[in-house]
Amino acid sequence: MRAQPTGTPAATGTPAEVTPAEPDLGHHGDAEATPGLVDLAVNVRRAPMPDWLADPLTAALGELAAYPDPGPARAAVAARHGRPPEEVLLTAGAAEGFVLIARALRDARRPVVVHPQFTEPEAALRAAGHAVERVLLDPADDFRLDPARVPADADLVLVGNPTNPTSVLHPAAALAALARPGRVLVVDEAFADTTLAPGVAGEPESLAARRDLPGLVVVRSLTKTWGLAGLRIGYLLGDAPLLARFAAAQPLWAVSTPALAAATACASPAAVAAERAIAAELAADREHLVARLSGLPGVRVVGRPASAFVLVHRPGAAAVRERLRERGWAVRRGDTFPGLGPDWLRIAVRDPATTDAFVDVLAEILEA
């Protein structure tokens, strides 16, 4: 069944999972984090900027009279991922990457988005005139990816890894099974640098260095770990001719000189080593959050969270969220994500002290 570009798109495989009301794809966590609230709704890390990042950004402000030159940043990002520069396209954040993909691939016959996931990919496809189909992963199976659920004739497939908002890290082998000639497979790895696995030196399950999979496009972001959401910097990795199509849809000088300086700095060996250290600290903080949440009545944490946030199910979560706001805490509502609903909340991982204060308030609300 083909979905229509407006209304509630069809779900592939299990129609009973379709959310009754069409989710607001344009809603994001920043709308929840209003001034005066402790922000557990936005997944951007907030920490002092290291000198190796701050210094190039400051120096870039003295170069604003010249048009941006993406060459050095492109080469640095390519070197980080073991690719030639022509397999890198720098973008004004990951969100611009989704827009370029949607516009450049208007000839896609059957685009499919695997949900629940970040809503901008589907929003960009709709805005470009695509009729989008959804594959809704099963909450009873902790939203794990089954490649067989994706229609064999889908020629454009978008999936997140680790997925926002579920925090599920899909096996690289399952994602690779979706790649095939005649299909563009877009894997959103905006949070890949937050993941960690014992015995794995780099990012577990990442496809960023894979050059053997036909039609693979990996979307990356530098805004989360390094607190650069306001700077807008990300990039696409993939086959050079395919990236050239996306580049043709991009405005001239889309990425600013300061953003290019950030891309260069964040691709350095020192930055990559720092990311691994931050991911280890995040894993410990996440384990603490999961342990505290798991002790609350009626609260279910989905699977084994792998990123900077966790997804929880609790009947009546919409009302709980409002009570939390009254008590000074912002968490992310779940009903704007296809495949979820009002009984879901996404909670950002913070330091143990913040987590303890939050869970204490949440426990009081649940016991009331």
# chains A, B, ... in the order shown; residues from 1 in each chain; ligands from 1
call {"tool": "select_by_dssp", "arguments": {"residues": "segment 159-323 of chain A", "states": "strand (DSSP E or B)", "output": "PyMOL selection string"}}
result
chain A and resi 159-160+184-188+216-221+234-238+300-301+309-313
call {"tool": "residues_around", "arguments": {"residues": "segment 244-257 of chain A", "least_positions_apart": "6", "cutoff": "7 Å", "atoms": "only C-alpha atoms", "output": "MDAnalysis selection string"}}
result
chainID A and resid 60 64 68 91:92 100:101 103:104
call {"tool": "write_last_selection", "arguments": {"atoms": "N, CA and C atoms", "output": "short mmCIF file (atom, residue, chain, number, x, y, z; two decimals), in the first residue's frame"}}
result
data_model
loop_
_atom_site.label_atom_id
_atom_site.label_comp_id
_atom_site.auth_asym_id
_atom_site.auth_seq_id
_atom_site.Cartn_x
_atom_site.Cartn_y
_atom_site.Cartn_z
N ALA A 60 38.78 32.00 13.30
CA ALA A 60 37.95 32.06 12.08
C ALA A 60 37.18 33.37 12.00
N LEU A 64 36.29 36.38 8.16
CA LEU A 64 34.93 36.42 7.63
C LEU A 64 34.77 37.27 6.37
N PRO A 68 33.86 31.26 2.33
CA PRO A 68 34.32 30.02 2.97
C PRO A 68 35.01 29.09 1.97
N THR A 91 27.83 20.02 5.42
CA THR A 91 26.48 20.59 5.41
C THR A 91 26.27 21.47 6.64
N ALA A 92 25.26 22.32 6.56
CA ALA A 92 24.88 23.17 7.69
C ALA A 92 24.05 22.34 8.66
N LEU A 100 18.86 18.06 1.39
CA LEU A 100 19.55 17.85 0.11
C LEU A 100 19.21 16.48 -0.48
N ILE A 101 19.17 15.46 0.36
CA ILE A 101 18.83 14.12 -0.10
C ILE A 101 17.42 14.11 -0.67
N ARG A 103 15.64 16.56 -1.88
CA ARG A 103 15.51 17.36 -3.11
C ARG A 103 16.21 16.70 -4.29
N ALA A 104 17.38 16.13 -4.04
CA ALA A 104 18.16 15.55 -5.14
C ALA A 104 17.58 14.24 -5.64
#
call {"tool": "select_by_dssp", "arguments": {"residues": "segment 217-326 of chain A", "states": "helix (DSSP H, G or I)", "output": "MDAnalysis selection string"}}
result
chainID A and resid 240:248 257:266 269:294 317:326
call {"tool": "residues_around", "arguments": {"residues": "Ala47 of chain A", "least_positions_apart": "5", "cutoff": "10 Å", "atoms": "only C-alpha atoms", "output": "list of chain:residue names"}}
result
A:Thr225, A:Trp226, A:Gly227
call {"tool": "write_last_selection", "arguments": {"atoms": "N, CA, C and O atoms", "output": "CSV table (one decimal), in the first residue's frame"}}
result
chain,number,residue,atom,x,y,z
A,225,THR,N,27.9,16.2,20.7
A,225,THR,CA,28.9,16.0,21.7
A,225,THR,C,29.7,17.3,22.0
A,225,THR,O,30.0,17.6,23.1
A,226,TRP,N,29.9,18.2,21.0
A,226,TRP,CA,30.7,19.4,21.2
A,226,TRP,C,29.8,20.6,21.4
A,226,TRP,O,30.4,21.7,21.4
A,227,GLY,N,28.5,20.5,21.6
A,227,GLY,CA,27.7,21.6,21.9
A,227,GLY,C,27.7,22.7,20.9
A,227,GLY,O,27.8,23.9,21.2
call {"tool": "closest_residue", "arguments": {"among": "A:Pro214, A:Gly328, A:Pro165, A:Gly82", "to": "Pro305 of chain A", "atoms": "only C-alpha atoms"}}
result
A:Pro165
call {"tool": "atom_distance", "arguments": {"atom1": "atom CA of Pro151 of chain A", "atom2": "atom CA of His130 of chain A"}}
result
16.5 Å
call {"tool": "residues_around", "arguments": {"residues": "Arg210 of chain A", "least_positions_apart": "3", "cutoff": "10 Å", "atoms": "only C-alpha atoms", "output": "PyMOL selection string"}}
result
chain A and resi 81-83+176+206-207+213-214+216-218+237-238
call {"tool": "closest_residue", "arguments": {"among": "A:Ala357, A:Leu185, A:Glu86, A:Gly29", "to": "Leu105 of chain A", "atoms": "only C-alpha atoms"}}
result
A:Leu185
call {"tool": "atom_distance", "arguments": {"atom1": "atom CA of Thr195 of chain A", "atom2": "atom CA of Thr166 of chain A"}}
result
13.5 Å
call {"tool": "closest_residue", "arguments": {"among": "A:Arg220, A:His115, A:Arg134, A:Arg106", "to": "Leu236 of chain A", "atoms": "only C-alpha atoms"}}
result
A:Arg220
call {"tool": "residues_around", "arguments": {"residues": "Val320 of chain A", "least_positions_apart": "4", "cutoff": "8 Å", "atoms": "only C-alpha atoms", "output": "list of chain:residue names"}}
result
A:Gly316, A:Leu324, A:Ile365, A:Leu366
call {"tool": "residues_around", "arguments": {"residues": "Thr194 of chain A", "least_positions_apart": "2", "cutoff": "8 Å", "atoms": "only C-alpha atoms", "output": "PyMOL selection string"}}
result
chain A and resi 191-192+196+225+275-276+278-279+282+306-308
call {"tool": "write_last_selection", "arguments": {"atoms": "all heavy atoms", "output": "PDB file, in the first residue's frame"}}
result
ATOM      1  N   PHE A 191      24.398  10.509  16.328  1.00  0.00           N
ATOM      2  CA  PHE A 191      24.809  10.213  17.695  1.00  0.00           C
ATOM      3  C   PHE A 191      25.819   9.071  17.761  1.00  0.00           C
ATOM      4  O   PHE A 191      26.054   8.522  18.838  1.00  0.00           O
ATOM      5  CB  PHE A 191      23.580   9.866  18.547  1.00  0.00           C
ATOM      6  CG  PHE A 191      22.675  11.036  18.813  1.00  0.00           C
ATOM      7  CD1 PHE A 191      21.565  11.264  18.021  1.00  0.00           C
ATOM      8  CD2 PHE A 191      22.942  11.915  19.848  1.00  0.00           C
ATOM      9  CE1 PHE A 191      20.730  12.349  18.251  1.00  0.00           C
ATOM     10  CE2 PHE A 191      22.112  13.006  20.099  1.00  0.00           C
ATOM     11  CZ  PHE A 191      21.006  13.225  19.295  1.00  0.00           C
ATOM     12  N   ALA A 192      26.434   8.723  16.643  1.00  0.00           N
ATOM     13  CA  ALA A 192      27.376   7.604  16.647  1.00  0.00           C
ATOM     14  C   ALA A 192      28.543   7.832  17.591  1.00  0.00           C
ATOM     15  O   ALA A 192      29.066   6.880  18.197  1.00  0.00           O
ATOM     16  CB  ALA A 192      27.884   7.350  15.227  1.00  0.00           C
ATOM     17  N   LEU A 196      29.576   3.317  22.716  1.00  0.00           N
ATOM     18  CA  LEU A 196      30.766   2.672  23.260  1.00  0.00           C
ATOM     19  C   LEU A 196      30.472   1.190  23.414  1.00  0.00           C
ATOM     20  O   LEU A 196      29.340   0.799  23.724  1.00  0.00           O
ATOM     21  CB  LEU A 196      31.109   3.275  24.627  1.00  0.00           C
ATOM     22  CG  LEU A 196      32.432   2.887  25.272  1.00  0.00           C
ATOM     23  CD1 LEU A 196      33.588   3.642  24.599  1.00  0.00           C
ATOM     24  CD2 LEU A 196      32.399   3.220  26.774  1.00  0.00           C
ATOM     25  N   THR A 225      27.893  16.199  20.668  1.00  0.00           N
ATOM     26  CA  THR A 225      28.933  16.026  21.672  1.00  0.00           C
ATOM     27  C   THR A 225      29.657  17.322  21.989  1.00  0.00           C
ATOM     28  O   THR A 225      30.020  17.589  23.140  1.00  0.00           O
ATOM     29  CB  THR A 225      29.935  14.964  21.201  1.00  0.00           C
ATOM     30  OG1 THR A 225      29.279  13.687  21.195  1.00  0.00           O
ATOM     31  CG2 THR A 225      31.153  14.890  22.105  1.00  0.00           C
ATOM     32  N   GLU A 275      36.400  12.299  22.152  1.00  0.00           N
ATOM     33  CA  GLU A 275      35.056  11.733  21.973  1.00  0.00           C
ATOM     34  C   GLU A 275      34.929  10.382  22.666  1.00  0.00           C
ATOM     35  O   GLU A 275      33.911  10.074  23.292  1.00  0.00           O
ATOM     36  CB  GLU A 275      34.736  11.570  20.490  1.00  0.00           C
ATOM     37  CG  GLU A 275      34.386  12.854  19.777  1.00  0.00           C
ATOM     38  CD  GLU A 275      34.123  12.623  18.309  1.00  0.00           C
ATOM     39  OE1 GLU A 275      34.304  11.478  17.827  1.00  0.00           O
ATOM     40  OE2 GLU A 275      33.730  13.578  17.631  1.00  0.00           O
ATOM     41  N   ARG A 276      35.966   9.545  22.524  1.00  0.00           N
ATOM     42  CA  ARG A 276      35.926   8.227  23.147  1.00  0.00           C
ATOM     43  C   ARG A 276      35.879   8.352  24.672  1.00  0.00           C
ATOM     44  O   ARG A 276      35.171   7.591  25.341  1.00  0.00           O
ATOM     45  CB  ARG A 276      37.138   7.399  22.725  1.00  0.00           C
ATOM     46  CG  ARG A 276      37.215   7.013  21.257  1.00  0.00           C
ATOM     47  CD  ARG A 276      36.058   6.115  20.815  1.00  0.00           C
ATOM     48  NE  ARG A 276      34.847   6.862  20.502  1.00  0.00           N
ATOM     49  CZ  ARG A 276      33.613   6.411  20.687  1.00  0.00           C
ATOM     50  NH1 ARG A 276      33.415   5.218  21.197  1.00  0.00           N
ATOM     51  NH2 ARG A 276      32.575   7.132  20.352  1.00  0.00           N
ATOM     52  N   ILE A 278      34.659  10.921  26.347  1.00  0.00           N
ATOM     53  CA  ILE A 278      33.327  11.436  26.684  1.00  0.00           C
ATOM     54  C   ILE A 278      32.291  10.322  26.595  1.00  0.00           C
ATOM     55  O   ILE A 278      31.384  10.218  27.435  1.00  0.00           O
ATOM     56  CB  ILE A 278      32.965  12.604  25.744  1.00  0.00           C
ATOM     57  CG1 ILE A 278      33.858  13.808  26.042  1.00  0.00           C
ATOM     58  CG2 ILE A 278      31.495  12.989  25.895  1.00  0.00           C
ATOM     59  CD1 ILE A 278      33.771  14.909  25.003  1.00  0.00           C
ATOM     60  N   ALA A 279      32.399   9.461  25.586  1.00  0.00           N
ATOM     61  CA  ALA A 279      31.455   8.350  25.446  1.00  0.00           C
ATOM     62  C   ALA A 279      31.541   7.408  26.637  1.00  0.00           C
ATOM     63  O   ALA A 279      30.515   6.869  27.093  1.00  0.00           O
ATOM     64  CB  ALA A 279      31.734   7.594  24.148  1.00  0.00           C
ATOM     65  N   LEU A 282      29.826   9.140  29.481  1.00  0.00           N
ATOM     66  CA  LEU A 282      28.389   9.110  29.206  1.00  0.00           C
ATOM     67  C   LEU A 282      27.801   7.742  29.522  1.00  0.00           C
ATOM     68  O   LEU A 282      26.694   7.643  30.072  1.00  0.00           O
ATOM     69  CB  LEU A 282      28.147   9.467  27.736  1.00  0.00           C
ATOM     70  CG  LEU A 282      26.706   9.393  27.234  1.00  0.00           C
ATOM     71  CD1 LEU A 282      25.842  10.457  27.910  1.00  0.00           C
ATOM     72  CD2 LEU A 282      26.661   9.576  25.718  1.00  0.00           C
ATOM     73  N   ALA A 306      21.934   3.151  24.208  1.00  0.00           N
ATOM     74  CA  ALA A 306      23.321   3.228  23.749  1.00  0.00           C
ATOM     75  C   ALA A 306      23.794   4.647  23.505  1.00  0.00           C
ATOM     76  O   ALA A 306      24.952   4.840  23.132  1.00  0.00           O
ATOM     77  CB  ALA A 306      23.481   2.417  22.461  1.00  0.00           C
ATOM     78  N   SER A 307      22.931   5.656  23.709  1.00  0.00           N
ATOM     79  CA  SER A 307      23.304   7.009  23.334  1.00  0.00           C
ATOM     80  C   SER A 307      23.110   7.978  24.492  1.00  0.00           C
ATOM     81  O   SER A 307      23.123   7.575  25.658  1.00  0.00           O
ATOM     82  CB  SER A 307      22.518   7.453  22.093  1.00  0.00           C
ATOM     83  OG  SER A 307      23.047   8.644  21.564  1.00  0.00           O
ATOM     84  N   ALA A 308      22.905   9.248  24.158  1.00  0.00           N
ATOM     85  CA  ALA A 308      22.865  10.313  25.161  1.00  0.00           C
ATOM     86  C   ALA A 308      21.472  10.523  25.733  1.00  0.00           C
ATOM     87  O   ALA A 308      21.212  11.554  26.366  1.00  0.00           O
ATOM     88  CB  ALA A 308      23.377  11.611  24.534  1.00  0.00           C
TER      89      ALA A 308
END
call {"tool": "closest_residue", "arguments": {"among": "A:Pro241, A:Pro171, A:Gly339, A:Pro258", "to": "Val114 of chain A", "atoms": "only C-alpha atoms"}}
result
A:Gly339
